[in-house]
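Undergrad: File final.cif below, mmCIF, N, CA and C atoms:
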```cif
data_work
#
loop_
_atom_site.label_atom_id
_atom_site.label_comp_id
_atom_site.auth_asym_id
_atom_site.auth_seq_id
_atom_site.Cartn_x
_atom_site.Cartn_y
_atom_site.Cartn_z
N MET A 606 0.84 -1.17 0.00
CA MET A 606 0.00 0.00 0.00
C MET A 606 0.89 1.24 0.00
N ASP A 607 0.57 2.17 -0.81
CA ASP A 607 1.35 3.38 -0.97
C ASP A 607 0.93 4.43 0.07
N ARG A 608 1.89 5.22 0.56
CA ARG A 608 1.60 6.23 1.55
C ARG A 608 0.70 7.33 1.01
N ASP A 609 0.71 7.58 -0.26
CA ASP A 609 -0.12 8.62 -0.84
C ASP A 609 -1.60 8.26 -0.83
N ASP A 610 -1.94 6.95 -0.71
CA ASP A 610 -3.35 6.54 -0.68
C ASP A 610 -4.04 6.98 0.61
N GLU A 611 -3.30 7.14 1.69
CA GLU A 611 -3.89 7.49 2.98
C GLU A 611 -3.75 8.97 3.32
N ARG A 612 -3.33 9.75 2.40
CA ARG A 612 -3.13 11.17 2.64
C ARG A 612 -4.49 11.84 2.94
N GLY A 613 -4.61 12.51 4.08
CA GLY A 613 -5.84 13.21 4.45
C GLY A 613 -6.83 12.37 5.23
N SER A 614 -6.61 11.08 5.39
CA SER A 614 -7.58 10.25 6.09
C SER A 614 -7.55 10.49 7.60
N ALA A 615 -6.43 10.92 8.14
CA ALA A 615 -6.36 11.20 9.58
C ALA A 615 -7.28 12.36 9.94
N MET A 616 -7.37 13.34 9.08
CA MET A 616 -8.25 14.48 9.32
C MET A 616 -9.71 14.03 9.33
N VAL A 617 -10.09 13.18 8.42
CA VAL A 617 -11.47 12.68 8.35
C VAL A 617 -11.79 11.85 9.59
N GLU A 618 -10.84 10.99 10.00
CA GLU A 618 -11.05 10.16 11.19
C GLU A 618 -11.16 11.03 12.44
N PHE A 619 -10.35 12.07 12.53
CA PHE A 619 -10.41 12.95 13.69
C PHE A 619 -11.75 13.68 13.76
N ILE A 620 -12.20 14.19 12.64
CA ILE A 620 -13.48 14.90 12.61
C ILE A 620 -14.62 13.94 12.95
N GLY A 621 -14.60 12.74 12.42
CA GLY A 621 -15.64 11.75 12.74
C GLY A 621 -15.66 11.39 14.22
N ALA A 622 -14.48 11.16 14.79
CA ALA A 622 -14.40 10.83 16.22
C ALA A 622 -14.82 12.02 17.08
N ALA A 623 -14.42 13.21 16.69
CA ALA A 623 -14.79 14.40 17.45
C ALA A 623 -16.30 14.60 17.46
N VAL A 624 -16.94 14.42 16.31
CA VAL A 624 -18.40 14.57 16.24
C VAL A 624 -19.08 13.51 17.10
N LEU A 625 -18.61 12.28 17.04
CA LEU A 625 -19.22 11.21 17.82
C LEU A 625 -19.07 11.44 19.32
N LEU A 626 -17.99 12.08 19.73
CA LEU A 626 -17.79 12.32 21.15
C LEU A 626 -18.37 13.65 21.63
N LEU A 627 -18.31 14.68 20.80
CA LEU A 627 -18.73 16.00 21.23
C LEU A 627 -20.24 16.20 21.23
N VAL A 628 -20.95 15.59 20.30
CA VAL A 628 -22.41 15.78 20.25
C VAL A 628 -23.07 15.27 21.54
N PRO A 629 -22.78 14.04 22.02
CA PRO A 629 -23.38 13.63 23.30
C PRO A 629 -22.91 14.48 24.48
N LEU A 630 -21.67 14.93 24.45
CA LEU A 630 -21.16 15.75 25.54
C LEU A 630 -21.88 17.10 25.59
N VAL A 631 -22.09 17.72 24.45
CA VAL A 631 -22.81 18.99 24.40
C VAL A 631 -24.25 18.80 24.85
N TYR A 632 -24.90 17.70 24.45
CA TYR A 632 -26.27 17.44 24.87
C TYR A 632 -26.33 17.22 26.39
N LEU A 633 -25.35 16.53 26.95
CA LEU A 633 -25.30 16.33 28.39
C LEU A 633 -25.17 17.66 29.13
N VAL A 634 -24.33 18.53 28.64
CA VAL A 634 -24.15 19.84 29.27
C VAL A 634 -25.45 20.65 29.18
N LEU A 635 -26.12 20.62 28.04
CA LEU A 635 -27.39 21.34 27.90
C LEU A 635 -28.45 20.78 28.84
N THR A 636 -28.50 19.46 28.97
CA THR A 636 -29.48 18.82 29.86
C THR A 636 -29.20 19.19 31.31
N LEU A 637 -27.95 19.13 31.72
CA LEU A 637 -27.60 19.49 33.09
C LEU A 637 -27.89 20.96 33.37
N ALA A 638 -27.66 21.82 32.41
CA ALA A 638 -27.98 23.24 32.59
C ALA A 638 -29.48 23.45 32.76
N GLN A 639 -30.28 22.71 32.00
CA GLN A 639 -31.73 22.82 32.09
C GLN A 639 -32.23 22.32 33.45
N VAL A 640 -31.67 21.21 33.92
CA VAL A 640 -32.06 20.67 35.23
C VAL A 640 -31.63 21.62 36.34
N GLN A 641 -30.44 22.20 36.23
CA GLN A 641 -29.98 23.15 37.23
C GLN A 641 -30.87 24.39 37.26
N ALA A 642 -31.30 24.86 36.11
CA ALA A 642 -32.21 26.01 36.07
C ALA A 642 -33.54 25.65 36.73
N GLY A 643 -34.04 24.44 36.49
CA GLY A 643 -35.28 24.00 37.13
C GLY A 643 -35.14 23.90 38.63
N THR A 644 -34.00 23.38 39.09
CA THR A 644 -33.77 23.26 40.52
C THR A 644 -33.68 24.64 41.17
N PHE A 645 -32.98 25.54 40.52
CA PHE A 645 -32.88 26.91 41.03
C PHE A 645 -34.25 27.57 41.07
N ALA A 646 -35.07 27.32 40.06
CA ALA A 646 -36.40 27.93 39.99
C ALA A 646 -37.30 27.42 41.11
N VAL A 647 -37.33 26.11 41.36
CA VAL A 647 -38.23 25.59 42.40
C VAL A 647 -37.75 25.97 43.80
N GLU A 648 -36.44 26.06 44.00
CA GLU A 648 -35.94 26.49 45.31
C GLU A 648 -36.39 27.93 45.61
N GLY A 649 -36.19 28.81 44.65
CA GLY A 649 -36.61 30.19 44.84
C GLY A 649 -38.12 30.33 44.95
N ALA A 650 -38.84 29.55 44.18
CA ALA A 650 -40.30 29.62 44.21
C ALA A 650 -40.84 29.16 45.56
N ALA A 651 -40.32 28.07 46.10
CA ALA A 651 -40.79 27.58 47.40
C ALA A 651 -40.49 28.58 48.51
N ARG A 652 -39.30 29.15 48.49
CA ARG A 652 -38.92 30.12 49.52
C ARG A 652 -39.80 31.37 49.45
N GLU A 653 -39.98 31.90 48.26
CA GLU A 653 -40.76 33.12 48.11
C GLU A 653 -42.25 32.89 48.35
N ALA A 654 -42.76 31.70 48.01
CA ALA A 654 -44.16 31.39 48.27
C ALA A 654 -44.43 31.34 49.77
N ALA A 655 -43.54 30.72 50.53
CA ALA A 655 -43.71 30.67 51.99
C ALA A 655 -43.64 32.07 52.57
N ARG A 656 -42.72 32.86 52.10
CA ARG A 656 -42.59 34.24 52.58
C ARG A 656 -43.83 35.06 52.24
N ALA A 657 -44.40 34.83 51.06
CA ALA A 657 -45.59 35.57 50.64
C ALA A 657 -46.79 35.21 51.51
N VAL A 658 -46.91 33.95 51.88
CA VAL A 658 -48.06 33.53 52.70
C VAL A 658 -47.95 34.08 54.11
N VAL A 659 -46.80 33.93 54.76
CA VAL A 659 -46.70 34.33 56.17
C VAL A 659 -46.73 35.84 56.37
N THR A 660 -46.52 36.62 55.33
CA THR A 660 -46.59 38.08 55.46
C THR A 660 -47.91 38.66 54.97
N ALA A 661 -48.84 37.81 54.56
CA ALA A 661 -50.12 38.27 54.02
C ALA A 661 -51.07 38.65 55.16
N GLN A 662 -52.12 39.39 54.82
CA GLN A 662 -53.12 39.80 55.79
C GLN A 662 -54.20 38.74 56.00
N SER A 663 -54.39 37.85 55.02
CA SER A 663 -55.38 36.78 55.15
C SER A 663 -54.87 35.54 54.42
N SER A 664 -55.49 34.41 54.73
CA SER A 664 -55.07 33.16 54.09
C SER A 664 -55.32 33.19 52.59
N ALA A 665 -56.46 33.75 52.18
CA ALA A 665 -56.79 33.82 50.75
C ALA A 665 -55.79 34.71 50.02
N GLU A 666 -55.48 35.85 50.62
CA GLU A 666 -54.50 36.74 50.00
C GLU A 666 -53.12 36.07 49.95
N GLY A 667 -52.78 35.34 50.99
CA GLY A 667 -51.50 34.64 51.03
C GLY A 667 -51.39 33.59 49.95
N ALA A 668 -52.47 32.83 49.72
CA ALA A 668 -52.46 31.80 48.67
C ALA A 668 -52.31 32.44 47.29
N ALA A 669 -53.00 33.55 47.08
CA ALA A 669 -52.90 34.24 45.78
C ALA A 669 -51.49 34.81 45.58
N ARG A 670 -50.93 35.39 46.64
CA ARG A 670 -49.57 35.93 46.54
C ARG A 670 -48.55 34.83 46.32
N ALA A 671 -48.77 33.67 46.94
CA ALA A 671 -47.86 32.55 46.77
C ALA A 671 -47.89 32.04 45.33
N GLN A 672 -49.09 31.94 44.75
CA GLN A 672 -49.20 31.52 43.34
C GLN A 672 -48.47 32.50 42.44
N ALA A 673 -48.63 33.78 42.70
CA ALA A 673 -47.96 34.79 41.88
C ALA A 673 -46.44 34.68 42.03
N ALA A 674 -45.96 34.45 43.26
CA ALA A 674 -44.52 34.32 43.49
C ALA A 674 -43.96 33.11 42.76
N VAL A 675 -44.71 32.01 42.75
CA VAL A 675 -44.25 30.80 42.04
C VAL A 675 -44.20 31.05 40.54
N ARG A 676 -45.24 31.69 40.00
CA ARG A 676 -45.25 31.98 38.56
C ARG A 676 -44.06 32.86 38.17
N ILE A 677 -43.77 33.86 38.98
CA ILE A 677 -42.65 34.76 38.67
C ILE A 677 -41.32 34.02 38.75
N ALA A 678 -41.14 33.22 39.80
CA ALA A 678 -39.86 32.51 39.97
C ALA A 678 -39.63 31.50 38.85
N LEU A 679 -40.68 30.80 38.44
CA LEU A 679 -40.53 29.82 37.36
C LEU A 679 -40.33 30.51 36.01
N ALA A 680 -41.07 31.59 35.79
CA ALA A 680 -40.92 32.32 34.52
C ALA A 680 -39.54 32.96 34.41
N ASP A 681 -38.96 33.33 35.54
CA ASP A 681 -37.62 33.93 35.53
C ASP A 681 -36.58 32.96 34.98
N GLN A 682 -36.79 31.67 35.16
CA GLN A 682 -35.86 30.65 34.64
C GLN A 682 -36.36 30.02 33.34
N GLY A 683 -37.46 30.52 32.80
CA GLY A 683 -37.94 30.04 31.51
C GLY A 683 -38.90 28.87 31.58
N PHE A 684 -39.53 28.65 32.73
CA PHE A 684 -40.48 27.55 32.88
C PHE A 684 -41.88 28.11 33.06
N ASP A 685 -42.88 27.31 32.68
CA ASP A 685 -44.27 27.71 32.82
C ASP A 685 -45.04 26.52 33.36
N ASP A 686 -45.42 26.60 34.63
CA ASP A 686 -46.18 25.53 35.24
C ASP A 686 -47.08 26.14 36.30
N GLY A 687 -48.37 26.23 36.01
CA GLY A 687 -49.31 26.88 36.91
C GLY A 687 -49.72 26.04 38.10
N ASP A 688 -49.63 24.72 38.03
CA ASP A 688 -50.08 23.85 39.12
C ASP A 688 -48.91 23.26 39.90
N ALA A 689 -47.90 24.05 40.12
CA ALA A 689 -46.68 23.52 40.74
C ALA A 689 -46.67 23.66 42.26
N LEU A 690 -47.57 24.47 42.84
CA LEU A 690 -47.51 24.82 44.25
C LEU A 690 -48.48 24.00 45.09
N ARG A 691 -48.00 23.59 46.27
CA ARG A 691 -48.86 22.95 47.27
C ARG A 691 -48.56 23.61 48.62
N LEU A 692 -49.62 24.10 49.29
CA LEU A 692 -49.48 24.74 50.60
C LEU A 692 -50.03 23.82 51.68
N GLU A 693 -49.36 23.83 52.83
CA GLU A 693 -49.84 23.04 53.97
C GLU A 693 -49.62 23.85 55.24
N CYS A 694 -50.68 24.07 55.98
CA CYS A 694 -50.61 24.88 57.20
C CYS A 694 -50.65 23.97 58.42
N SER A 695 -49.93 24.36 59.48
CA SER A 695 -49.91 23.56 60.69
C SER A 695 -51.10 23.84 61.59
N HIS A 696 -51.74 25.00 61.43
CA HIS A 696 -52.89 25.37 62.26
C HIS A 696 -54.05 25.80 61.36
N ASP A 697 -55.23 25.85 61.98
CA ASP A 697 -56.41 26.38 61.28
C ASP A 697 -56.98 27.49 62.15
N PRO A 698 -57.05 28.71 61.72
CA PRO A 698 -56.72 29.24 60.42
C PRO A 698 -55.21 29.20 60.14
N CYS A 699 -54.90 29.32 58.89
CA CYS A 699 -53.53 29.11 58.42
C CYS A 699 -52.54 30.10 59.03
N LEU A 700 -52.95 31.33 59.23
CA LEU A 700 -52.02 32.36 59.71
C LEU A 700 -52.13 32.57 61.22
N THR A 701 -52.27 31.48 61.97
CA THR A 701 -52.27 31.54 63.43
C THR A 701 -50.86 31.87 63.91
N PRO A 702 -50.72 32.82 64.83
CA PRO A 702 -49.38 33.19 65.31
C PRO A 702 -48.62 31.98 65.85
N GLY A 703 -47.36 31.86 65.44
CA GLY A 703 -46.52 30.75 65.85
C GLY A 703 -46.67 29.51 64.99
N GLY A 704 -47.64 29.50 64.11
CA GLY A 704 -47.84 28.35 63.22
C GLY A 704 -46.84 28.36 62.08
N THR A 705 -46.85 27.29 61.33
CA THR A 705 -45.94 27.19 60.18
C THR A 705 -46.74 26.95 58.90
N VAL A 706 -46.16 27.40 57.82
CA VAL A 706 -46.73 27.18 56.49
C VAL A 706 -45.65 26.50 55.66
N ALA A 707 -45.96 25.30 55.19
CA ALA A 707 -45.02 24.56 54.34
C ALA A 707 -45.44 24.71 52.89
N THR A 708 -44.49 25.02 52.05
CA THR A 708 -44.76 25.12 50.61
C THR A 708 -43.93 24.07 49.89
N GLN A 709 -44.55 23.46 48.91
CA GLN A 709 -43.84 22.49 48.07
C GLN A 709 -44.08 22.88 46.62
N VAL A 710 -43.01 23.00 45.87
CA VAL A 710 -43.10 23.35 44.44
C VAL A 710 -42.49 22.21 43.65
N ARG A 711 -43.26 21.70 42.69
CA ARG A 711 -42.81 20.60 41.83
C ARG A 711 -42.79 21.09 40.39
N LEU A 712 -41.82 20.59 39.65
CA LEU A 712 -41.68 20.98 38.25
C LEU A 712 -41.10 19.80 37.48
N ALA A 713 -41.64 19.55 36.30
CA ALA A 713 -41.10 18.54 35.41
C ALA A 713 -40.27 19.26 34.35
N VAL A 714 -38.97 19.06 34.40
CA VAL A 714 -38.05 19.73 33.47
C VAL A 714 -37.94 18.88 32.21
N PRO A 715 -38.37 19.40 31.06
CA PRO A 715 -38.29 18.62 29.83
C PRO A 715 -36.86 18.52 29.31
N LEU A 716 -36.54 17.40 28.70
CA LEU A 716 -35.23 17.25 28.08
C LEU A 716 -35.16 18.16 26.85
N PRO A 717 -34.02 18.78 26.61
CA PRO A 717 -33.92 19.70 25.47
C PRO A 717 -34.00 18.97 24.13
N PHE A 718 -34.61 19.64 23.17
CA PHE A 718 -34.72 19.20 21.77
C PHE A 718 -35.55 17.94 21.59
N VAL A 719 -36.39 17.58 22.55
CA VAL A 719 -37.26 16.42 22.40
C VAL A 719 -38.62 16.93 21.93
N PRO A 720 -39.13 16.43 20.80
CA PRO A 720 -40.41 16.92 20.29
C PRO A 720 -41.57 16.56 21.23
N GLU A 721 -42.59 17.41 21.20
CA GLU A 721 -43.76 17.22 22.07
C GLU A 721 -44.47 15.91 21.76
N ALA A 722 -44.49 15.49 20.52
CA ALA A 722 -45.16 14.23 20.16
C ALA A 722 -44.48 13.04 20.83
N LEU A 723 -43.18 13.07 20.93
CA LEU A 723 -42.45 11.98 21.58
C LEU A 723 -42.67 11.99 23.09
N ARG A 724 -42.82 13.19 23.67
CA ARG A 724 -43.06 13.29 25.11
C ARG A 724 -44.41 12.69 25.50
N SER A 725 -45.37 12.69 24.60
CA SER A 725 -46.68 12.12 24.92
C SER A 725 -46.62 10.59 24.98
N TRP A 726 -45.66 9.98 24.32
CA TRP A 726 -45.52 8.52 24.34
C TRP A 726 -44.65 8.04 25.50
N VAL A 727 -43.54 8.72 25.70
CA VAL A 727 -42.56 8.31 26.70
C VAL A 727 -42.30 9.51 27.61
N PRO A 728 -42.33 9.31 28.92
CA PRO A 728 -42.04 10.45 29.80
C PRO A 728 -40.56 10.84 29.73
N LEU A 729 -40.29 11.93 29.07
CA LEU A 729 -38.92 12.41 28.89
C LEU A 729 -38.72 13.72 29.64
N GLU A 730 -39.06 13.69 30.92
CA GLU A 730 -38.94 14.85 31.78
C GLU A 730 -38.26 14.44 33.08
N ILE A 731 -37.58 15.37 33.68
CA ILE A 731 -36.90 15.10 34.95
C ILE A 731 -37.63 15.88 36.04
N PRO A 732 -38.23 15.19 37.01
CA PRO A 732 -38.96 15.91 38.06
C PRO A 732 -38.00 16.50 39.10
N VAL A 733 -38.25 17.75 39.46
CA VAL A 733 -37.52 18.40 40.53
C VAL A 733 -38.54 19.02 41.48
N GLU A 734 -38.21 19.05 42.75
CA GLU A 734 -39.12 19.66 43.72
C GLU A 734 -38.31 20.25 44.86
N ALA A 735 -38.95 21.21 45.54
CA ALA A 735 -38.33 21.86 46.69
C ALA A 735 -39.41 22.19 47.70
N THR A 736 -39.05 22.16 48.96
CA THR A 736 -39.98 22.53 50.03
C THR A 736 -39.33 23.60 50.89
N HIS A 737 -40.18 24.39 51.49
CA HIS A 737 -39.71 25.43 52.42
C HIS A 737 -40.79 25.62 53.47
N VAL A 738 -40.37 25.83 54.69
CA VAL A 738 -41.30 26.06 55.81
C VAL A 738 -41.08 27.47 56.33
N GLY A 739 -42.17 28.23 56.35
CA GLY A 739 -42.14 29.58 56.89
C GLY A 739 -42.92 29.64 58.19
N THR A 740 -42.46 30.44 59.12
CA THR A 740 -43.12 30.57 60.41
C THR A 740 -43.90 31.88 60.46
N VAL A 741 -45.14 31.79 60.90
CA VAL A 741 -45.97 32.98 61.07
C VAL A 741 -45.49 33.70 62.32
N ASP A 742 -45.45 35.02 62.28
CA ASP A 742 -44.97 35.81 63.40
C ASP A 742 -45.72 35.43 64.68
N GLN A 743 -44.97 35.06 65.71
CA GLN A 743 -45.55 34.56 66.95
C GLN A 743 -46.29 35.66 67.71
N TYR A 744 -45.89 36.90 67.53
CA TYR A 744 -46.49 38.00 68.28
C TYR A 744 -47.51 38.79 67.47
N GLY A 745 -47.90 38.25 66.33
CA GLY A 745 -48.91 38.90 65.52
C GLY A 745 -50.30 38.54 65.98
N GLN A 746 -51.28 39.02 65.28
CA GLN A 746 -52.66 38.71 65.63
C GLN A 746 -53.16 37.60 64.73
N VAL A 747 -54.20 36.90 65.17
CA VAL A 747 -54.77 35.82 64.37
C VAL A 747 -55.41 36.42 63.14
N ARG A 748 -55.03 35.90 61.97
CA ARG A 748 -55.56 36.40 60.71
C ARG A 748 -56.34 35.27 60.04
N PRO A 749 -57.52 35.55 59.54
CA PRO A 749 -58.35 34.49 58.93
C PRO A 749 -57.79 33.94 57.66
#
```
Please express what this file holds, its structure, as structure tokens.

TA:
Amino acid sequence: MDRDDERGSAMVEFIGAAVLLLVPLVYLVLTLAQVQAGTFAVEGAAREAARAVVTAQSSAEGAARAQAAVRIALADQGFDDGDALRLECSHDPCLTPGGTVATQVRLAVPLPFVPEALRSWVPLEIPVEATHVGTVDQYGQVRP
């Protein structure tokens, strides 16, 4: 075999190997970035929702403020999930002084570049969730 027959084949082999190795690596980095953004979003949403409830004047106002805080925190990271919040109060009424309000925010982070039609057949989402407990001011008054 003559040396001139293989001229330039190393470049083709390098490019082929680089593509085979770099494409999955780039996809992994994109997926991890998406999951990290989702985790950051639910942590902030849970914290701010608890803070919104315990500083409200009434339980109904607190629930509405918590929903708004979750929507803002998720939208800030590029997610849209309206049913992500769950509130749990330790006392009835919810804003009893010294009581606690637990918030849980759940989000399903979709894998990047996966078509919606494929997601309906196979669950291609990574669930993330966060909880936070806020304490109602012990020296405040009972709020309905």

Undergrad: Mind the document's chain letters and residue numbers, and return as a ChimeraX atom specification the residues of segment 627-739 of chain A that DSSP labels strand (DSSP E).

TA: /A:690-694,705-715,730-739

Undergrad: Could you pull the residues within 8 Å of segment 728-737 of chain A, counting all atoms listed in the file, minus those fewer than 2 positions along the same chain, as a JSON list (two decimals) with N, CA and C atoms, keeping the file's coordinate frame?

TA:
```json
[["chain", "number", "residue", "atom", "x", "y", "z"],
["A", 640, "VAL", "N", -31.67, 21.21, 33.92],
["A", 640, "VAL", "CA", -32.06, 20.67, 35.23],
["A", 640, "VAL", "C", -31.63, 21.62, 36.34],
["A", 643, "GLY", "N", -34.04, 24.44, 36.49],
["A", 643, "GLY", "CA", -35.28, 24.00, 37.13],
["A", 643, "GLY", "C", -35.14, 23.90, 38.63],
["A", 644, "THR", "N", -34.00, 23.38, 39.09],
["A", 644, "THR", "CA", -33.77, 23.26, 40.52],
["A", 644, "THR", "C", -33.68, 24.64, 41.17],
["A", 646, "ALA", "N", -35.07, 27.32, 40.06],
["A", 646, "ALA", "CA", -36.40, 27.93, 39.99],
["A", 646, "ALA", "C", -37.30, 27.42, 41.11],
["A", 647, "VAL", "N", -37.33, 26.11, 41.36],
["A", 647, "VAL", "CA", -38.23, 25.59, 42.40],
["A", 647, "VAL", "C", -37.75, 25.97, 43.80],
["A", 648, "GLU", "N", -36.44, 26.06, 44.00],
["A", 648, "GLU", "CA", -35.94, 26.49, 45.31],
["A", 648, "GLU", "C", -36.39, 27.93, 45.61],
["A", 649, "GLY", "N", -36.19, 28.81, 44.65],
["A", 649, "GLY", "CA", -36.61, 30.19, 44.84],
["A", 649, "GLY", "C", -38.12, 30.33, 44.95],
["A", 650, "ALA", "N", -38.84, 29.55, 44.18],
["A", 650, "ALA", "CA", -40.30, 29.62, 44.21],
["A", 650, "ALA", "C", -40.84, 29.16, 45.56],
["A", 651, "ALA", "N", -40.32, 28.07, 46.10],
["A", 651, "ALA", "CA", -40.79, 27.58, 47.40],
["A", 651, "ALA", "C", -40.49, 28.58, 48.51],
["A", 652, "ARG", "N", -39.30, 29.15, 48.49],
["A", 652, "ARG", "CA", -38.92, 30.12, 49.52],
["A", 652, "ARG", "C", -39.80, 31.37, 49.45],
["A", 653, "GLU", "N", -39.98, 31.90, 48.26],
["A", 653, "GLU", "CA", -40.76, 33.12, 48.11],
["A", 653, "GLU", "C", -42.25, 32.89, 48.35],
["A", 654, "ALA", "N", -42.76, 31.70, 48.01],
["A", 654, "ALA", "CA", -44.16, 31.39, 48.27],
["A", 654, "ALA", "C", -44.43, 31.34, 49.77],
["A", 655, "ALA", "N", -43.54, 30.72, 50.53],
["A", 655, "ALA", "CA", -43.71, 30.67, 51.99],
["A", 655, "ALA", "C", -43.64, 32.07, 52.57],
["A", 656, "ARG", "N", -42.72, 32.86, 52.10],
["A", 656, "ARG", "CA", -42.59, 34.24, 52.58],
["A", 656, "ARG", "C", -43.83, 35.06, 52.24],
["A", 706, "VAL", "N", -46.16, 27.40, 57.82],
["A", 706, "VAL", "CA", -46.73, 27.18, 56.49],
["A", 706, "VAL", "C", -45.65, 26.50, 55.66],
["A", 707, "ALA", "N", -45.96, 25.30, 55.19],
["A", 707, "ALA", "CA", -45.02, 24.56, 54.34],
["A", 707, "ALA", "C", -45.44, 24.71, 52.89],
["A", 708, "THR", "N", -44.49, 25.02, 52.05],
["A", 708, "THR", "CA", -44.76, 25.12, 50.61],
["A", 708, "THR", "C", -43.93, 24.07, 49.89],
["A", 709, "GLN", "N", -44.55, 23.46, 48.91],
["A", 709, "GLN", "CA", -43.84, 22.49, 48.07],
["A", 709, "GLN", "C", -44.08, 22.88, 46.62],
["A", 710, "VAL", "N", -43.01, 23.00, 45.87],
["A", 710, "VAL", "CA", -43.10, 23.35, 44.44],
["A", 710, "VAL", "C", -42.49, 22.21, 43.65],
["A", 711, "ARG", "N", -43.26, 21.70, 42.69],
["A", 711, "ARG", "CA", -42.81, 20.60, 41.83],
["A", 711, "ARG", "C", -42.79, 21.09, 40.39],
["A", 712, "LEU", "N", -41.82, 20.59, 39.65],
["A", 712, "LEU", "CA", -41.68, 20.98, 38.25],
["A", 712, "LEU", "C", -41.10, 19.80, 37.48],
["A", 713, "ALA", "N", -41.64, 19.55, 36.30],
["A", 713, "ALA", "CA", -41.10, 18.54, 35.41],
["A", 713, "ALA", "C", -40.27, 19.26, 34.35],
["A", 714, "VAL", "N", -38.97, 19.06, 34.40],
["A", 714, "VAL", "CA", -38.05, 19.73, 33.47],
["A", 714, "VAL", "C", -37.94, 18.88, 32.21],
["A", 715, "PRO", "N", -38.37, 19.40, 31.06],
["A", 715, "PRO", "CA", -38.29, 18.62, 29.83],
["A", 715, "PRO", "C", -36.86, 18.52, 29.31],
["A", 716, "LEU", "N", -36.54, 17.40, 28.70],
["A", 716, "LEU", "CA", -35.23, 17.25, 28.08],
["A", 716, "LEU", "C", -35.16, 18.16, 26.85],
["A", 717, "PRO", "N", -34.02, 18.78, 26.61],
["A", 717, "PRO", "CA", -33.92, 19.70, 25.47],
["A", 717, "PRO", "C", -34.00, 18.97, 24.13],
["A", 719, "VAL", "N", -36.39, 17.58, 22.55],
["A", 719, "VAL", "CA", -37.26, 16.42, 22.40],
["A", 719, "VAL", "C", -38.62, 16.93, 21.93],
["A", 723, "LEU", "N", -43.18, 13.07, 20.93],
["A", 723, "LEU", "CA", -42.45, 11.98, 21.58],
["A", 723, "LEU", "C", -42.67, 11.99, 23.09],
["A", 724, "ARG", "N", -42.82, 13.19, 23.67],
["A", 724, "ARG", "CA", -43.06, 13.29, 25.11],
["A", 724, "ARG", "C", -44.41, 12.69, 25.50],
["A", 725, "SER", "N", -45.37, 12.69, 24.60],
["A", 725, "SER", "CA", -46.68, 12.12, 24.92],
["A", 725, "SER", "C", -46.62, 10.59, 24.98],
["A", 726, "TRP", "N", -45.66, 9.98, 24.32],
["A", 726, "TRP", "CA", -45.52, 8.52, 24.34],
["A", 726, "TRP", "C", -44.65, 8.04, 25.50],
["A", 739, "GLY", "N", -42.17, 28.23, 56.35],
["A", 739, "GLY", "CA", -42.14, 29.58, 56.89],
["A", 739, "GLY", "C", -42.92, 29.64, 58.19],
["A", 740, "THR", "N", -42.46, 30.44, 59.12],
["A", 740, "THR", "CA", -43.12, 30.57, 60.41],
["A", 740, "THR", "C", -43.90, 31.88, 60.46]]
```

Undergrad: Given 4 Å on each side, where is the centre and what are the edge lengths in Å to one decimal of the axis-aligned box enclosing the listed atoms of segment 726-741 of chain A, as AutoDock Vina command-line options?

TA:
```
--center_x -41.4 --center_y 20.9 --center_z 43.3 --size_x 17.1 --size_y 33.7 --size_z 46.0
```

Undergrad: How would you write, as a PyMOL selection string, the residues chosen by the PyMOL selection byres ((chain A and resi 694) around 6) on this structure?

TA: chain A and resi 692-693+695-696+699+705-707

Undergrad: Residues of the last selection are to be written out with N, CA and C atoms, as a tab-separated table (two decimals), in the coordinates of the input.

TA:
```
chain	number	residue	atom	x	y	z
A	692	LEU	N	-49.62	24.10	49.29
A	692	LEU	CA	-49.48	24.74	50.60
A	692	LEU	C	-50.03	23.82	51.68
A	693	GLU	N	-49.36	23.83	52.83
A	693	GLU	CA	-49.84	23.04	53.97
A	693	GLU	C	-49.62	23.85	55.24
A	695	SER	N	-49.93	24.36	59.48
A	695	SER	CA	-49.91	23.56	60.69
A	695	SER	C	-51.10	23.84	61.59
A	696	HIS	N	-51.74	25.00	61.43
A	696	HIS	CA	-52.89	25.37	62.26
A	696	HIS	C	-54.05	25.80	61.36
A	699	CYS	N	-54.90	29.32	58.89
A	699	CYS	CA	-53.53	29.11	58.42
A	699	CYS	C	-52.54	30.10	59.03
A	705	THR	N	-46.85	27.29	61.33
A	705	THR	CA	-45.94	27.19	60.18
A	705	THR	C	-46.74	26.95	58.90
A	706	VAL	N	-46.16	27.40	57.82
A	706	VAL	CA	-46.73	27.18	56.49
A	706	VAL	C	-45.65	26.50	55.66
A	707	ALA	N	-45.96	25.30	55.19
A	707	ALA	CA	-45.02	24.56	54.34
A	707	ALA	C	-45.44	24.71	52.89
```

Undergrad: The PyMOL selection byres (((chain A and resi 666-682 and name CA) around 6) and name CA) - which residues does that actually catch in the file I just gave you? List them as a PyMOL selection string.

TA: chain A and resi 646+650+654+657-658+661+663-665+683-685

Undergrad: Please compute the atom CA of Phe718 of chain A-atom N of Val628 of chain A distance, one decimal, in Å.

TA: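 One can read the atom CA of Phe718 of chain A to atom N of Val628 of chain A distance as 14.3 Å.
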
Undergrad: In Å, with one decimal, what is the gap from atom CA of Gln639 of chain A to atom N of Leu626 of chain A?

TA: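 For atom CA of Gln639 of chain A relative to atom N of Leu626 of chain A, the distance reads 21.4 Å.
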
Undergrad: Quick check, in Å to one decimal: how far apart do atom CA of Leu690 of chain A and atom CA of Phe645 of chain A lie?

TA: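 Taking atom CA of Leu690 of chain A as the start and atom CA of Phe645 of chain A as the end point, the length is 15.1 Å.
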
Undergrad: Using backbone DSSP assignments, extract all alpha helix (DSSP H) residues from segment 616-711 of chain A; output them as a ChimeraX atom specification.

TA: /A:616-659,664-681
